[in-house]
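Shown next, in C-alpha cells, is the structure this report addresses.
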Amino acid sequence: MLIGLTGGYCAGKNAAAAMLEARGWKTVDVDGLGHEAIELAHGAIVERFGASVVGPDGRLDRRAIARIVFADPRALADQEAIVHPIAIRLTDERIAAVQAEAAAAGRESLVCVNAALLHRAPQASACAAIVQLRAPLWARLRRARARDGAGAREALRRIGRQRGFGRALRAALPPGLPILPLRNDRGLEELERGLEVCLSAIEEIRKRRDGIAGA
C-alpha cells in the first residue's frame, strides 16, 4: 500500500512520519531526496547560478541557492526545472526498492511518500490516501522558532509561500482519493491518537480495495 503524507511548514509531518516508521511503514522523504537531487545536479546549478553558490568545501551551498531563488520567481522556476525531475526519479527508485524488499520477504509493502509539495509529485495520484497535517498558526510559529531559529517574520514568509496549498492538493489528486486531516496542536500523544484514527481509515480503504480486486 502506498499513502502520502503532507502538510505546511512546521505543521509536524516529520513527527508523524517517525510515528509511521515505528508502526512498520517505510517513509520516502521527498524533501530529503530534493537535497540529494541538488547535489546530483551540481553542474547545472552552478551553470545557472554561478560560482557564488559553491561553498568552500566544493559542495553546493543550499542557503545561498535559497537566497537567490526565493527572491526571484524566475530563478526559482529555473531551479525547480533542474532539480524536480531528478527528485521524482529518486522517489520512484526508493518506492520500488521498498516494494521489492517487501515482496522478497513475502509481505505487503507499506510505503509513505512524505513531501511538503506532494501535490507536485506524480506519485501522489498512485496513493490510496493522503494524510494532511494541519496546525494553527501559533503552533507553527512556535515550532519554527524552536526548530529553525526562525523569527515570526521569516516563518510567516515561508508559510505565505504555501498559500493555496490545500486547493492545489485537491486539484492535483484523482477524484475520490481520500485526504485525511490530522491535527497537530496538542502534543505528541494527541498526534499519536489522531494518527491511529487515520490508520484505521486507511485500513478500511485497503479492505475495500482488496475486496474489489478479489471480486
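In the C-alpha cells, the first chain shown is A, the next is B, and so on; residue numbers restart at 1 for each chain, and ligands run from 1 in the order shown.
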
Any idea what's packed within 10 Å of region 105-117 of chain A, counting only C-alpha atoms, ignoring anything in its chain fewer than 4 positions away? Could you give it as a VMD selection string?
-> chain A and resid 1 to 11 13 to 14 16 to 17 20 to 21 23 to 34 91 94 to 96 98 to 101 121 123 to 124 127 129 to 133 162 165 168 to 169

Suppose we keep N, CA and C atoms; can you now write the selection as a short mmCIF file (atom, residue, chain, number, x, y, z; two decimals), in the first residue's frame?
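Final output, again.cif:
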```cif
data_model
loop_
_atom_site.label_atom_id
_atom_site.label_comp_id
_atom_site.auth_asym_id
_atom_site.auth_seq_id
_atom_site.Cartn_x
_atom_site.Cartn_y
_atom_site.Cartn_z
N MET A 1 0.84 -1.20 0.00
CA MET A 1 0.00 0.00 0.00
C MET A 1 0.87 1.24 0.00
N LEU A 2 0.45 2.23 -0.76
CA LEU A 2 1.16 3.50 -0.86
C LEU A 2 0.25 4.61 -0.37
N ILE A 3 0.74 5.42 0.57
CA ILE A 3 -0.01 6.57 1.04
C ILE A 3 0.89 7.80 0.96
N GLY A 4 0.27 8.97 1.05
CA GLY A 4 1.00 10.22 1.05
C GLY A 4 0.89 10.90 2.41
N LEU A 5 1.91 11.68 2.74
CA LEU A 5 1.93 12.46 3.98
C LEU A 5 2.40 13.85 3.62
N THR A 6 1.61 14.85 3.95
CA THR A 6 1.97 16.20 3.58
C THR A 6 1.49 17.18 4.63
N GLY A 7 1.87 18.42 4.48
CA GLY A 7 1.50 19.47 5.42
C GLY A 7 2.36 20.69 5.20
N GLY A 8 1.88 21.82 5.67
CA GLY A 8 2.60 23.07 5.51
C GLY A 8 3.82 23.16 6.40
N TYR A 9 4.54 24.25 6.25
CA TYR A 9 5.76 24.50 7.01
C TYR A 9 5.49 24.41 8.52
N CYS A 10 6.23 23.53 9.17
CA CYS A 10 6.15 23.32 10.62
C CYS A 10 4.78 22.84 11.09
N ALA A 11 4.06 22.13 10.21
CA ALA A 11 2.80 21.53 10.64
C ALA A 11 3.03 20.23 11.41
N LYS A 13 4.76 17.20 9.94
CA LYS A 13 4.71 15.95 9.17
C LYS A 13 5.88 15.03 9.47
N ASN A 14 7.04 15.56 9.82
CA ASN A 14 8.16 14.68 10.13
C ASN A 14 7.94 13.92 11.43
N ALA A 16 4.97 12.96 12.42
CA ALA A 16 4.02 11.91 12.02
C ALA A 16 4.74 10.81 11.24
N ALA A 17 5.72 11.19 10.41
CA ALA A 17 6.48 10.20 9.65
C ALA A 17 7.24 9.26 10.58
N LEU A 20 4.87 6.75 11.94
CA LEU A 20 4.56 5.73 10.95
C LEU A 20 5.69 4.71 10.85
N GLU A 21 6.93 5.19 10.86
CA GLU A 21 8.08 4.29 10.82
C GLU A 21 8.03 3.31 12.00
N ARG A 23 5.55 2.14 13.31
CA ARG A 23 4.45 1.19 13.09
C ARG A 23 4.70 0.30 11.87
N GLY A 24 5.91 0.30 11.35
CA GLY A 24 6.25 -0.60 10.27
C GLY A 24 6.18 -0.03 8.87
N TRP A 25 5.82 1.25 8.74
CA TRP A 25 5.79 1.88 7.43
C TRP A 25 7.20 2.33 7.06
N LYS A 26 7.49 2.30 5.77
CA LYS A 26 8.73 2.86 5.25
C LYS A 26 8.40 4.21 4.61
N THR A 27 9.02 5.26 5.10
CA THR A 27 8.74 6.59 4.56
C THR A 27 9.81 6.99 3.56
N VAL A 28 9.36 7.57 2.48
CA VAL A 28 10.25 8.11 1.45
C VAL A 28 10.21 9.63 1.58
N ASP A 29 11.29 10.22 2.04
CA ASP A 29 11.36 11.64 2.32
C ASP A 29 11.71 12.39 1.03
N VAL A 30 10.70 12.90 0.37
CA VAL A 30 10.91 13.57 -0.91
C VAL A 30 11.70 14.85 -0.74
N ASP A 31 11.47 15.57 0.37
CA ASP A 31 12.23 16.80 0.60
C ASP A 31 13.71 16.48 0.78
N GLY A 32 14.01 15.40 1.50
CA GLY A 32 15.39 14.97 1.64
C GLY A 32 15.99 14.56 0.31
N LEU A 33 15.21 13.88 -0.51
CA LEU A 33 15.69 13.49 -1.83
C LEU A 33 15.91 14.72 -2.71
N GLY A 34 15.16 15.78 -2.43
CA GLY A 34 15.39 17.03 -3.15
C GLY A 34 16.79 17.57 -2.89
N THR A 91 12.59 9.39 -6.10
CA THR A 91 11.43 8.94 -5.35
C THR A 91 10.91 7.62 -5.89
N ARG A 94 13.22 4.82 -4.82
CA ARG A 94 13.09 4.43 -3.40
C ARG A 94 11.82 3.63 -3.17
N ILE A 95 10.72 4.05 -3.78
CA ILE A 95 9.47 3.30 -3.64
C ILE A 95 9.63 1.89 -4.18
N ALA A 96 10.21 1.78 -5.36
CA ALA A 96 10.40 0.47 -5.98
C ALA A 96 11.29 -0.42 -5.12
N VAL A 98 11.65 -0.34 -1.81
CA VAL A 98 10.89 -0.79 -0.64
C VAL A 98 9.91 -1.88 -1.03
N GLN A 99 9.23 -1.69 -2.16
CA GLN A 99 8.27 -2.69 -2.62
C GLN A 99 8.95 -4.01 -2.96
N ALA A 100 10.12 -3.94 -3.57
CA ALA A 100 10.85 -5.16 -3.91
C ALA A 100 11.31 -5.89 -2.65
N GLU A 101 11.75 -5.15 -1.65
CA GLU A 101 12.18 -5.76 -0.39
C GLU A 101 11.01 -6.47 0.29
N ALA A 121 4.07 16.08 -6.90
CA ALA A 121 4.73 14.79 -7.12
C ALA A 121 3.77 13.87 -7.86
N GLN A 123 3.70 10.82 -7.94
CA GLN A 123 3.39 9.64 -7.12
C GLN A 123 2.12 9.84 -6.28
N ALA A 124 1.70 11.07 -6.08
CA ALA A 124 0.52 11.31 -5.25
C ALA A 124 -0.72 10.64 -5.82
N CYS A 127 -1.39 7.05 -4.73
CA CYS A 127 -1.61 6.77 -3.31
C CYS A 127 -3.05 6.33 -3.06
N ALA A 129 -4.45 6.96 -0.13
CA ALA A 129 -4.99 8.03 0.70
C ALA A 129 -3.85 9.01 0.99
N ILE A 130 -4.23 10.23 1.36
CA ILE A 130 -3.28 11.26 1.74
C ILE A 130 -3.58 11.70 3.16
N VAL A 131 -2.57 11.69 4.02
CA VAL A 131 -2.70 12.23 5.37
C VAL A 131 -2.14 13.66 5.34
N GLN A 132 -2.98 14.62 5.69
CA GLN A 132 -2.57 16.02 5.63
C GLN A 132 -2.48 16.60 7.04
N LEU A 133 -1.26 16.96 7.45
CA LEU A 133 -1.04 17.57 8.76
C LEU A 133 -1.56 19.00 8.75
N GLN A 162 3.23 29.04 0.88
CA GLN A 162 2.43 27.83 0.69
C GLN A 162 0.93 28.12 0.66
N PHE A 165 -2.18 25.90 -0.71
CA PHE A 165 -1.67 24.53 -0.73
C PHE A 165 -2.80 23.51 -0.74
N ALA A 168 -4.54 23.36 -4.09
CA ALA A 168 -3.66 22.75 -5.10
C ALA A 168 -3.61 21.23 -4.92
N LEU A 169 -3.59 20.79 -3.67
CA LEU A 169 -3.55 19.36 -3.40
C LEU A 169 -4.80 18.67 -3.92
#
```

Please run DSSP on the backbone and report, as a ChimeraX atom specification, all residues within region 2-215 of chain A that come out as alpha helix (DSSP H).
-> /A:13-22,30-40,42-49,62-69,73-104,137-148,152-160,165-172,188-214

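Shortest separation to Glu204 (chain A) among A:Ile159, A:Ala144, A:Leu188, A:Ala128 occurs at residue A:Ala128, atoms counted being only C-alpha atoms.
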
Residue contacts of region 39-44 of chain A (12 Å, only C-alpha atoms) excluding same-chain residues fewer than 2 positions away, as number ranges by chain | A: 32-37, 46-51, 53-55, 58-62, 65, 78-87, 89-90

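Within region 8-146 of chain A, DSSP run on the backbone puts these residues in strand (DSSP E): Lys26, Thr27, Val28, Asp29, Val111, Cys112, Val113, Asn114, Ile130, Val131, Gln132, Leu133 and Arg134 of chain A.
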
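For the pair CA of Leu76 (chain A) and CA of Ile45 (chain A), the interatomic distance is 11.5 Å.
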
So how far away is CA of Gly12 (chain A) from CA of Glu192 (chain A), in Å?
->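 Going from CA of Glu192 (chain A) over to CA of Gly12 (chain A) covers 11.8 Å.
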
What does the distance from CA of Leu156 (chain A) to CA of Leu137 (chain A) come to in Å, to one decimal?
->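 Interatomic distance, CA of Leu156 (chain A) to CA of Leu137 (chain A): 8.9 Å.
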